[in-house]
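Participant: File follows, my_file-v5.pdb with PDB, C-alpha atoms and all ligand atoms:
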ATOM      1  CA  MET A   1      44.228  16.136   6.454
ATOM      2  CA  LYS A   2      46.099  16.046   3.194
ATOM      3  CA  ARG A   3      49.835  16.446   3.467
ATOM      4  CA  LYS A   4      51.723  18.342   0.795
ATOM      5  CA  PRO A   5      54.042  15.887  -0.942
ATOM      6  CA  ASP A   6      57.117  18.148  -0.888
ATOM      7  CA  LYS A   7      56.697  19.479   2.632
ATOM      8  CA  PRO A   8      60.224  20.239   3.817
ATOM      9  CA  GLN A   9      61.561  18.262   6.764
ATOM     10  CA  ALA A  10      62.343  20.439   9.774
ATOM     11  CA  GLN A  11      65.415  19.899  11.897
ATOM     12  CA  VAL A  12      66.079  21.358  15.326
ATOM     13  CA  MET A  13      69.218  23.476  14.965
ATOM     14  CA  ARG A  14      69.372  25.414  18.226
ATOM     15  CA  ARG A  15      67.932  25.698  21.681
ATOM     16  CA  VAL A  16      68.207  29.197  23.056
ATOM     17  CA  PRO A  17      67.542  30.137  26.699
ATOM     18  CA  ASP A  18      65.212  33.135  27.030
ATOM     19  CA  GLY A  19      64.524  34.015  30.663
ATOM     20  CA  PRO A  20      62.222  31.300  32.008
ATOM     21  CA  TYR A  21      61.686  29.919  28.483
ATOM     22  CA  THR A  22      63.737  27.926  26.010
ATOM     23  CA  LEU A  23      63.335  28.791  22.370
ATOM     24  CA  THR A  24      63.698  26.003  19.837
ATOM     25  CA  VAL A  25      64.928  26.898  16.355
ATOM     26  CA  GLU A  26      63.706  24.524  13.653
ATOM     27  CA  VAL A  27      65.116  24.812  10.176
ATOM     28  CA  ALA A  28      63.695  23.317   7.014
ATOM     29  CA  ARG A  29      65.398  23.477   3.629
ATOM     30  CA  ASP A  30      62.707  24.312   1.143
ATOM     31  CA  ARG A  31      63.244  23.760  -2.576
ATOM     32  CA  ARG A  32      60.462  26.210  -3.378
ATOM     33  CA  LEU A  33      62.434  29.125  -1.921
ATOM     34  CA  ARG A  34      64.973  30.691  -4.259
ATOM     35  CA  THR A  35      66.860  33.411  -2.418
ATOM     36  CA  SER A  36      65.274  34.542   0.796
ATOM     37  CA  ALA A  37      64.423  32.793   4.043
ATOM     38  CA  ARG A  38      61.067  32.849   5.825
ATOM     39  CA  TRP A  39      60.413  32.432   9.483
ATOM     40  CA  THR A  40      57.630  32.519  12.020
ATOM     41  CA  LEU A  41      57.485  32.214  15.778
ATOM     42  CA  HIS A  42      54.901  29.892  17.342
ATOM     43  CA  GLY A  43      54.986  29.864  21.112
ATOM     44  CA  GLU A  44      58.598  28.996  21.891
ATOM     45  CA  THR A  45      59.411  27.551  18.478
ATOM     46  CA  ILE A  46      61.012  29.605  15.710
ATOM     47  CA  ARG A  47      60.282  27.885  12.404
ATOM     48  CA  VAL A  48      62.727  28.892   9.692
ATOM     49  CA  ARG A  49      62.543  27.911   6.038
ATOM     50  CA  VAL A  50      65.632  28.495   3.940
ATOM     51  CA  PRO A  51      66.491  27.913   0.285
ATOM     52  CA  ALA A  52      67.739  24.349  -0.201
ATOM     53  CA  ARG A  53      71.237  25.358  -1.160
ATOM     54  CA  VAL A  54      72.011  27.929   1.528
ATOM     55  CA  ARG A  55      75.606  27.599   2.834
ATOM     56  CA  SER A  56      76.067  26.650   6.466
ATOM     57  CA  ASP A  57      77.914  29.890   7.344
ATOM     58  CA  GLN A  58      75.066  31.897   5.762
ATOM     59  CA  LEU A  59      72.569  29.825   7.694
ATOM     60  CA  GLU A  60      74.349  30.409  11.030
ATOM     61  CA  LYS A  61      74.440  34.161  10.378
ATOM     62  CA  LEU A  62      70.764  34.153   9.431
ATOM     63  CA  LEU A  63      69.803  32.246  12.586
ATOM     64  CA  ASP A  64      71.913  34.645  14.702
ATOM     65  CA  ASP A  65      69.934  37.571  13.264
ATOM     66  CA  ILE A  66      66.510  35.980  13.692
ATOM     67  CA  VAL A  67      67.217  34.811  17.245
ATOM     68  CA  ALA A  68      68.556  38.264  18.208
ATOM     69  CA  ARG A  69      65.394  39.957  16.906
ATOM     70  CA  VAL A  70      63.100  37.527  18.686
ATOM     71  CA  LEU A  71      65.005  37.765  21.992
ATOM     72  CA  LYS A  72      64.998  41.561  21.873
ATOM     73  CA  GLN A  73      61.257  41.792  21.234
ATOM     74  CA  ARG A  74      60.379  39.189  23.870
ATOM     75  CA  SER A  75      62.475  40.893  26.500
ATOM     76  CA  ARG A  76      60.770  44.191  25.644
ATOM     77  CA  SER A  77      57.318  42.570  25.933
ATOM     78  CA  ARG A  78      58.155  40.998  29.289
ATOM     79  CA  GLN A  79      59.284  44.343  30.706
ATOM     80  CA  ARG A  80      55.825  45.706  29.957
ATOM     81  CA  HIS A  81      53.736  42.742  31.007
ATOM     82  CA  ASP A  82      51.087  43.144  33.655
ATOM     83  CA  GLY A  83      51.010  40.817  36.687
ATOM     84  CA  ASP A  84      47.299  41.218  37.497
ATOM     85  CA  LEU A  85      46.211  40.675  33.928
ATOM     86  CA  GLU A  86      48.518  37.671  33.710
ATOM     87  CA  GLN A  87      46.843  36.168  36.772
ATOM     88  CA  ARG A  88      43.371  36.849  35.409
ATOM     89  CA  ALA A  89      44.285  35.197  32.102
ATOM     90  CA  SER A  90      45.727  32.170  33.922
ATOM     91  CA  GLN A  91      42.525  31.789  35.926
ATOM     92  CA  LEU A  92      40.377  31.917  32.787
ATOM     93  CA  ASN A  93      42.676  29.424  31.099
ATOM     94  CA  ARG A  94      42.391  26.999  34.006
ATOM     95  CA  ALA A  95      38.652  27.477  34.529
ATOM     96  CA  TYR A  96      37.456  27.195  30.943
ATOM     97  CA  PHE A  97      40.228  25.932  28.659
ATOM     98  CA  ASP A  98      41.683  23.061  30.729
ATOM     99  CA  GLY A  99      44.820  25.164  31.174
ATOM    100  CA  GLU A 100      45.804  24.222  27.629
ATOM    101  CA  LEU A 101      46.437  27.698  26.204
ATOM    102  CA  ARG A 102      49.917  29.196  26.104
ATOM    103  CA  TRP A 103      50.874  32.801  25.516
ATOM    104  CA  HIS A 104      53.928  34.893  26.131
ATOM    105  CA  THR A 105      52.760  38.125  27.777
ATOM    106  CA  ILE A 106      49.534  40.009  28.380
ATOM    107  CA  ARG A 107      49.282  43.688  29.175
ATOM    108  CA  TRP A 108      47.090  46.773  29.126
ATOM    109  CA  VAL A 109      47.892  49.276  26.386
ATOM    110  CA  GLY A 110      46.797  52.888  26.069
ATOM    111  CA  ASN A 111      47.454  53.311  22.360
ATOM    112  CA  MET A 112      44.689  51.201  20.816
ATOM    113  CA  THR A 113      42.330  53.662  19.206
ATOM    114  CA  LYS A 114      39.780  51.217  17.878
ATOM    115  CA  ARG A 115      40.485  47.687  18.952
ATOM    116  CA  LEU A 116      39.597  46.345  22.379
ATOM    117  CA  GLY A 117      42.215  43.636  22.345
ATOM    118  CA  SER A 118      44.684  41.867  20.090
ATOM    119  CA  CYS A 119      46.801  38.763  20.039
ATOM    120  CA  THR A 120      49.712  38.524  17.668
ATOM    121  CA  TYR A 121      50.573  35.422  15.754
ATOM    122  CA  GLY A 122      53.746  34.309  14.026
ATOM    123  CA  GLY A 123      56.260  37.196  14.270
ATOM    124  CA  THR A 124      58.642  38.382  16.987
ATOM    125  CA  THR A 125      55.593  39.318  19.088
ATOM    126  CA  ASP A 126      53.908  35.894  18.772
ATOM    127  CA  GLY A 127      51.781  35.262  21.835
ATOM    128  CA  ASP A 128      51.843  38.847  23.094
ATOM    129  CA  ILE A 129      48.312  39.831  24.056
ATOM    130  CA  ARG A 130      47.271  43.466  24.396
ATOM    131  CA  ILE A 131      44.102  44.682  26.042
ATOM    132  CA  SER A 132      42.976  48.273  25.565
ATOM    133  CA  SER A 133      43.037  50.237  28.817
ATOM    134  CA  ARG A 134      39.823  51.907  27.557
ATOM    135  CA  ILE A 135      37.858  48.869  28.692
ATOM    136  CA  SER A 136      39.447  48.522  32.143
ATOM    137  CA  ASP A 137      36.321  49.918  33.834
ATOM    138  CA  TRP A 138      33.865  47.888  31.739
ATOM    139  CA  PRO A 139      31.885  45.113  33.512
ATOM    140  CA  ALA A 140      34.186  42.302  34.669
ATOM    141  CA  TYR A 141      32.368  39.667  32.581
ATOM    142  CA  VAL A 142      33.058  41.733  29.443
ATOM    143  CA  VAL A 143      36.734  42.308  30.276
ATOM    144  CA  ASP A 144      37.082  38.582  31.023
ATOM    145  CA  TYR A 145      35.400  37.877  27.697
ATOM    146  CA  VAL A 146      37.890  40.072  25.844
ATOM    147  CA  ILE A 147      40.761  38.282  27.600
ATOM    148  CA  ALA A 148      39.197  34.855  26.878
ATOM    149  CA  HIS A 149      38.653  35.893  23.245
ATOM    150  CA  GLU A 150      42.304  36.827  22.781
ATOM    151  CA  LEU A 151      43.434  33.680  24.615
ATOM    152  CA  ALA A 152      41.247  31.531  22.351
ATOM    153  CA  HIS A 153      43.017  33.073  19.353
ATOM    154  CA  ARG A 154      46.101  31.155  20.521
ATOM    155  CA  GLN A 155      44.232  28.042  19.378
ATOM    156  CA  PHE A 156      42.434  29.506  16.346
ATOM    157  CA  PRO A 157      43.961  32.712  14.912
ATOM    158  CA  ASN A 158      40.824  33.708  12.947
ATOM    159  CA  HIS A 159      37.069  33.968  13.552
ATOM    160  CA  SER A 160      36.264  30.526  12.149
ATOM    161  CA  PRO A 161      33.277  28.458  13.374
ATOM    162  CA  ASP A 162      35.800  26.338  15.324
ATOM    163  CA  PHE A 163      37.011  29.470  17.070
ATOM    164  CA  TRP A 164      33.489  30.441  18.194
ATOM    165  CA  ASP A 165      32.758  26.871  19.334
ATOM    166  CA  TYR A 166      35.911  26.897  21.377
ATOM    167  CA  LEU A 167      35.331  30.354  22.862
ATOM    168  CA  ALA A 168      31.798  29.319  23.914
ATOM    169  CA  ARG A 169      33.496  27.514  26.793
ATOM    170  CA  TYR A 170      33.624  30.912  28.465
ATOM    171  CA  PRO A 171      30.092  30.953  29.913
ATOM    172  CA  HIS A 172      29.301  34.674  29.464
ATOM    173  CA  THR A 173      30.295  34.759  25.802
ATOM    174  CA  GLU A 174      26.853  35.497  24.359
ATOM    175  CA  ARG A 175      26.080  38.223  26.885
ATOM    176  CA  ALA A 176      29.484  39.860  26.462
ATOM    177  CA  ARG A 177      29.194  39.709  22.669
ATOM    178  CA  GLY A 178      25.839  41.484  22.993
ATOM    179  CA  PHE A 179      27.509  44.215  25.028
ATOM    180  CA  ILE A 180      30.280  44.635  22.452
ATOM    181  CA  ASP A 181      27.801  44.500  19.533
ATOM    182  CA  GLY A 182      25.931  47.397  21.140
ATOM    183  CA  PHE A 183      29.128  49.333  21.684
ATOM    184  CA  ALA A 184      30.212  48.744  18.076
ATOM    185  CA  TYR A 185      26.777  49.611  16.707
ATOM    186  CA  ALA A 186      26.746  52.941  18.550
ATOM    187  CA  GLN A 187      29.933  54.007  16.793
ATOM    188  CA  GLY A 188      29.227  52.407  13.436
ATOM    189  CA  ASP A 189      31.873  49.683  13.676
ATOM    190  CA  ASP A 190      31.876  46.016  12.801
ATOM    191  CA  PRO A 191      32.160  44.238  16.174
ATOM    192  CA  ASP A 192      34.418  41.568  14.672
ATOM    193  CA  SER A 193      36.956  44.233  13.739
ATOM    194  CA  LEU A 194      37.278  45.415  17.350
ATOM    195  CA  ILE A 195      38.418  42.215  18.923
TER     196      ILE A 195
HETATM  197 ZN    ZN A 201      39.118  37.974  17.490
END
Take the structure I supplied and represent it as structure tokens, if you would.
Ligand SMILES: [Zn+2]

Facilitator:
Amino acid sequence: MKRKPDKPQAQVMRRVPDGPYTLTVEVARDRRLRTSARWTLHGETIRVRVPARVRSDQLEKLLDDIVARVLKQRSRSRQRHDGDLEQRASQLNRAYFDGELRWHTIRWVGNMTKRLGSCTYGGTTDGDIRISSRISDWPAYVVDYVIAHELAHRQFPNHSPDFWDYLARYPHTERARGFIDGFAYAQGDDPDSLI
């Protein structure tokens, strides 16, 4: 892989306890940024990029704000998480993905009108997986597929060939995709947009 020559060097600035987790805040001063900061959350790491010349008091205030937002959202997600679904996801992770996948919460939601599942990436909800309660009475191998699909997005956020290769570790992938293709076809949807 080619490395960008001016990739900013990240420095760990804070470690913040968050329930059973510890969040790490990494800060990189980035000469390409002029006025505003950028940040993303990946697992338990908040990656912040700030303009090179930001003052240290401004930086502390900025980090306070970002950390507060992340903590608030994560606490909200954990209040809504679902123990059974969590256990099912852990089993799939152990059985097919060598236990290597990490997420924050997983829960059933009743407000997904189209999608069957989703996994967020990068913001305050990074690693929060939602499964539509519409599919709760679908065949178990399909529900497990939807869970495995969203889990696999922790490794590959898009539908790249690498993602499909990886997801094929779940043994009922082809059959479950056929089921979802049929479901999507019947309502005129692209199956890849549902999951
Ligand atoms: Zn997907």

Participant: What is the distance between atom CA of Tyr96 of chain A and atom CA of His149 of chain A, in Å to one decimal?

Facilitator: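 Rounded to one decimal, the two atoms are 11.7 Å apart.
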
Participant: Could you list, as a PyMOL selection string, all protein and nucleic acid residues with an atom at most 10 Å from ligand ZN 201 (chain A), counting only C-alpha atoms and all ligand atoms?

Facilitator: chain A and resi 115-119+146+148-153+156-160+163-164+191-195

Participant: Can you turn the PyMOL selection byres (((chain A and resi 45) around 6) and not hetatm) into a concrete residue list for this file, as a list of chain:residue names?

Facilitator: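 That selection, the PyMOL selection byres (((chain A and resi 45) around 6) and not hetatm), comes back as A:Leu23, A:Thr24, A:Val25, A:Leu41, A:His42, A:Gly43, A:Glu44, A:Ile46.
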
Participant: Selection in question (the file shown): the PyMOL selection byres (((chain A and resi 35) around 12) and not hetatm). Which residues does it include, as a ChimeraX atom specification?

Facilitator: /A:29-34,36-38,49-55,58

Participant: From the list A:Ile131, A:Leu62, A:Val48, A:Ile106, which residue is nearest Gln87 of chain A when using all atoms listed in the file?

Facilitator: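 Smallest separation from Gln87 of chain A among the options: A:Ile106.
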
Participant: Determine the residue set returned by the PyMOL selection byres (((chain A and resi 10) around 9) and not hetatm) for the present structure, and present it as a list in words.

Facilitator: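 For this structure, the PyMOL selection byres (((chain A and resi 10) around 9) and not hetatm) captures Pro8, Gln9, Gln11, Val12, Glu26, Val27, Ala28, Arg29, Arg47, Val48 and Arg49 of chain A.
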
Participant: What does the file look like for those residues with C-alpha atoms, as a PDB file, in the coordinates of the input?

Facilitator:
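Once everything was written out, this is result_1.pdb:
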ATOM      1  CA  PRO A   8      60.224  20.239   3.817  1.00  0.00           C
ATOM      2  CA  GLN A   9      61.561  18.262   6.764  1.00  0.00           C
ATOM      3  CA  GLN A  11      65.415  19.899  11.897  1.00  0.00           C
ATOM      4  CA  VAL A  12      66.079  21.358  15.326  1.00  0.00           C
ATOM      5  CA  GLU A  26      63.706  24.524  13.653  1.00  0.00           C
ATOM      6  CA  VAL A  27      65.116  24.812  10.176  1.00  0.00           C
ATOM      7  CA  ALA A  28      63.695  23.317   7.014  1.00  0.00           C
ATOM      8  CA  ARG A  29      65.398  23.477   3.629  1.00  0.00           C
ATOM      9  CA  ARG A  47      60.282  27.885  12.404  1.00  0.00           C
ATOM     10  CA  VAL A  48      62.727  28.892   9.692  1.00  0.00           C
ATOM     11  CA  ARG A  49      62.543  27.911   6.038  1.00  0.00           C
TER      12      ARG A  49
END

Participant: Ranking A:Arg102, A:Arg107, A:Lys61, A:Arg94 by minimum distance to His81 of chain A and counting all atoms listed in the file, which one comes first?

Facilitator: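 Among the listed residues, A:Arg107 lies closest to His81 of chain A.
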
Participant: Could you tell me how far atom CA of Asn111 of chain A sits from atom CA of Arg169 of chain A, in Å to one decimal place?

Facilitator: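 Computed distance, atom CA of Arg169 of chain A to atom CA of Asn111 of chain A, equals 29.7 Å.
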
Participant: How big is the axis-aligned box around the listed atoms of segment 95-104 of chain A once 8 Å is added on each side, and where is its centre? Give both in Å to one decimal, as JSON.

Facilitator:
{"center_x": 45.7, "center_y": 29.0, "center_z": 30.0, "size_x": 32.5, "size_y": 27.8, "size_z": 25.0}

Participant: Pick out the residues sitting within 9 Å of Trp108 of chain A, and hand them over as a list in words; count only C-alpha atoms, and ignore anything fewer than 3 positions along from it in its own chain.

Facilitator: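 Listed by chain and then number, they are Arg80, His81, Asp82, Leu85, Gly117, Ile129, Arg130, Ile131, Ser132, Ser133 and Ser136 of chain A.
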
Participant: Kindly give the distance, in Å, that separates atom CA of Ile147 of chain A and atom CA of Ala89 of chain A, rounded to a single decimal.

Facilitator: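 Straight-line distance from atom CA of Ile147 of chain A to atom CA of Ala89 of chain A works out to 6.5 Å.
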
Participant: Which residue out of A:Arg69, A:Arg134, A:Arg88, A:Arg154 has the minimum interatomic distance to Trp103 of chain A when only C-alpha atoms are used?

Facilitator: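 Checking each of A:Arg69, A:Arg134, A:Arg88, A:Arg154 against Trp103 of chain A, counting only C-alpha atoms, the winner is A:Arg154.
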
Participant: Missing atoms in segment 99-131 of chain A: can you complete it with N, CA and C atoms, as a tab-separated table (two decimals), keeping the file's coordinate frame?

Facilitator:
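Output file part.tsv follows:
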chain	number	residue	atom	x	y	z
A	99	GLY	N	43.43	24.72	31.02
A	99	GLY	CA	44.82	25.16	31.17
A	99	GLY	C	45.67	24.89	29.95
A	100	GLU	N	45.02	24.67	28.79
A	100	GLU	CA	45.80	24.22	27.63
A	100	GLU	C	46.37	25.36	26.78
A	101	LEU	N	45.96	26.60	27.06
A	101	LEU	CA	46.44	27.70	26.20
A	101	LEU	C	47.77	28.24	26.71
A	102	ARG	N	48.61	28.63	25.79
A	102	ARG	CA	49.92	29.20	26.10
A	102	ARG	C	50.05	30.54	25.42
A	103	TRP	N	50.58	31.51	26.14
A	103	TRP	CA	50.87	32.80	25.52
A	103	TRP	C	52.16	33.30	26.12
A	104	HIS	N	52.65	34.40	25.63
A	104	HIS	CA	53.93	34.89	26.13
A	104	HIS	C	53.71	35.98	27.18
A	105	THR	N	53.04	37.06	26.81
A	105	THR	CA	52.76	38.12	27.78
A	105	THR	C	51.35	38.66	27.53
A	106	ILE	N	50.81	39.31	28.54
A	106	ILE	CA	49.53	40.01	28.38
A	106	ILE	C	49.63	41.32	29.14
A	107	ARG	N	49.17	42.39	28.50
A	107	ARG	CA	49.28	43.69	29.18
A	107	ARG	C	48.21	44.65	28.68
A	108	TRP	N	47.95	45.68	29.51
A	108	TRP	CA	47.09	46.77	29.13
A	108	TRP	C	47.88	47.72	28.22
A	109	VAL	N	47.23	48.25	27.19
A	109	VAL	CA	47.89	49.28	26.39
A	109	VAL	C	46.97	50.48	26.24
A	110	GLY	N	47.57	51.66	26.17
A	110	GLY	CA	46.80	52.89	26.07
A	110	GLY	C	46.73	53.43	24.66
A	111	ASN	N	47.36	52.73	23.71
A	111	ASN	CA	47.45	53.31	22.36
A	111	ASN	C	46.57	52.62	21.33
A	112	MET	N	45.60	51.81	21.79
A	112	MET	CA	44.69	51.20	20.82
A	112	MET	C	43.53	52.15	20.62
A	113	THR	N	43.38	52.67	19.41
A	113	THR	CA	42.33	53.66	19.21
A	113	THR	C	40.99	52.99	18.94
A	114	LYS	N	41.02	51.86	18.27
A	114	LYS	CA	39.78	51.22	17.88
A	114	LYS	C	39.59	49.87	18.55
A	115	ARG	N	40.61	49.07	18.47
A	115	ARG	CA	40.48	47.69	18.95
A	115	ARG	C	40.38	47.63	20.47
A	116	LEU	N	39.72	46.58	20.94
A	116	LEU	CA	39.60	46.34	22.38
A	116	LEU	C	40.68	45.40	22.88
A	117	GLY	N	41.16	44.57	21.97
A	117	GLY	CA	42.22	43.64	22.34
A	117	GLY	C	42.85	43.07	21.10
A	118	SER	N	44.05	42.52	21.23
A	118	SER	CA	44.68	41.87	20.09
A	118	SER	C	45.65	40.80	20.59
A	119	CYS	N	45.87	39.84	19.72
A	119	CYS	CA	46.80	38.76	20.04
A	119	CYS	C	47.61	38.52	18.78
A	120	THR	N	48.92	38.65	18.88
A	120	THR	CA	49.71	38.52	17.67
A	120	THR	C	50.10	37.08	17.44
A	121	TYR	N	50.38	36.79	16.18
A	121	TYR	CA	50.57	35.42	15.75
A	121	TYR	C	51.70	35.37	14.73
A	122	GLY	N	52.75	34.64	15.05
A	122	GLY	CA	53.75	34.31	14.03
A	122	GLY	C	55.03	35.12	13.98
A	123	GLY	N	55.03	36.40	14.38
A	123	GLY	CA	56.26	37.20	14.27
A	123	GLY	C	57.01	37.26	15.58
A	124	THR	N	57.86	38.28	15.75
A	124	THR	CA	58.64	38.38	16.99
A	124	THR	C	57.73	38.57	18.19
A	125	THR	N	56.51	39.08	17.97
A	125	THR	CA	55.59	39.32	19.09
A	125	THR	C	54.59	38.17	19.25
A	126	ASP	N	54.87	37.01	18.67
A	126	ASP	CA	53.91	35.89	18.77
A	126	ASP	C	53.53	35.65	20.23
A	127	GLY	N	52.24	35.57	20.48
A	127	GLY	CA	51.78	35.26	21.84
A	127	GLY	C	51.77	36.44	22.78
A	128	ASP	N	51.98	37.65	22.26
A	128	ASP	CA	51.84	38.85	23.09
A	128	ASP	C	50.42	39.38	22.94
A	129	ILE	N	49.71	39.41	24.06
A	129	ILE	CA	48.31	39.83	24.06
A	129	ILE	C	48.22	41.23	24.62
A	130	ARG	N	47.47	42.10	23.93
A	130	ARG	CA	47.27	43.47	24.40
A	130	ARG	C	45.78	43.72	24.62
A	131	ILE	N	45.48	44.34	25.74
A	131	ILE	CA	44.10	44.68	26.04
A	131	ILE	C	44.03	46.20	26.19
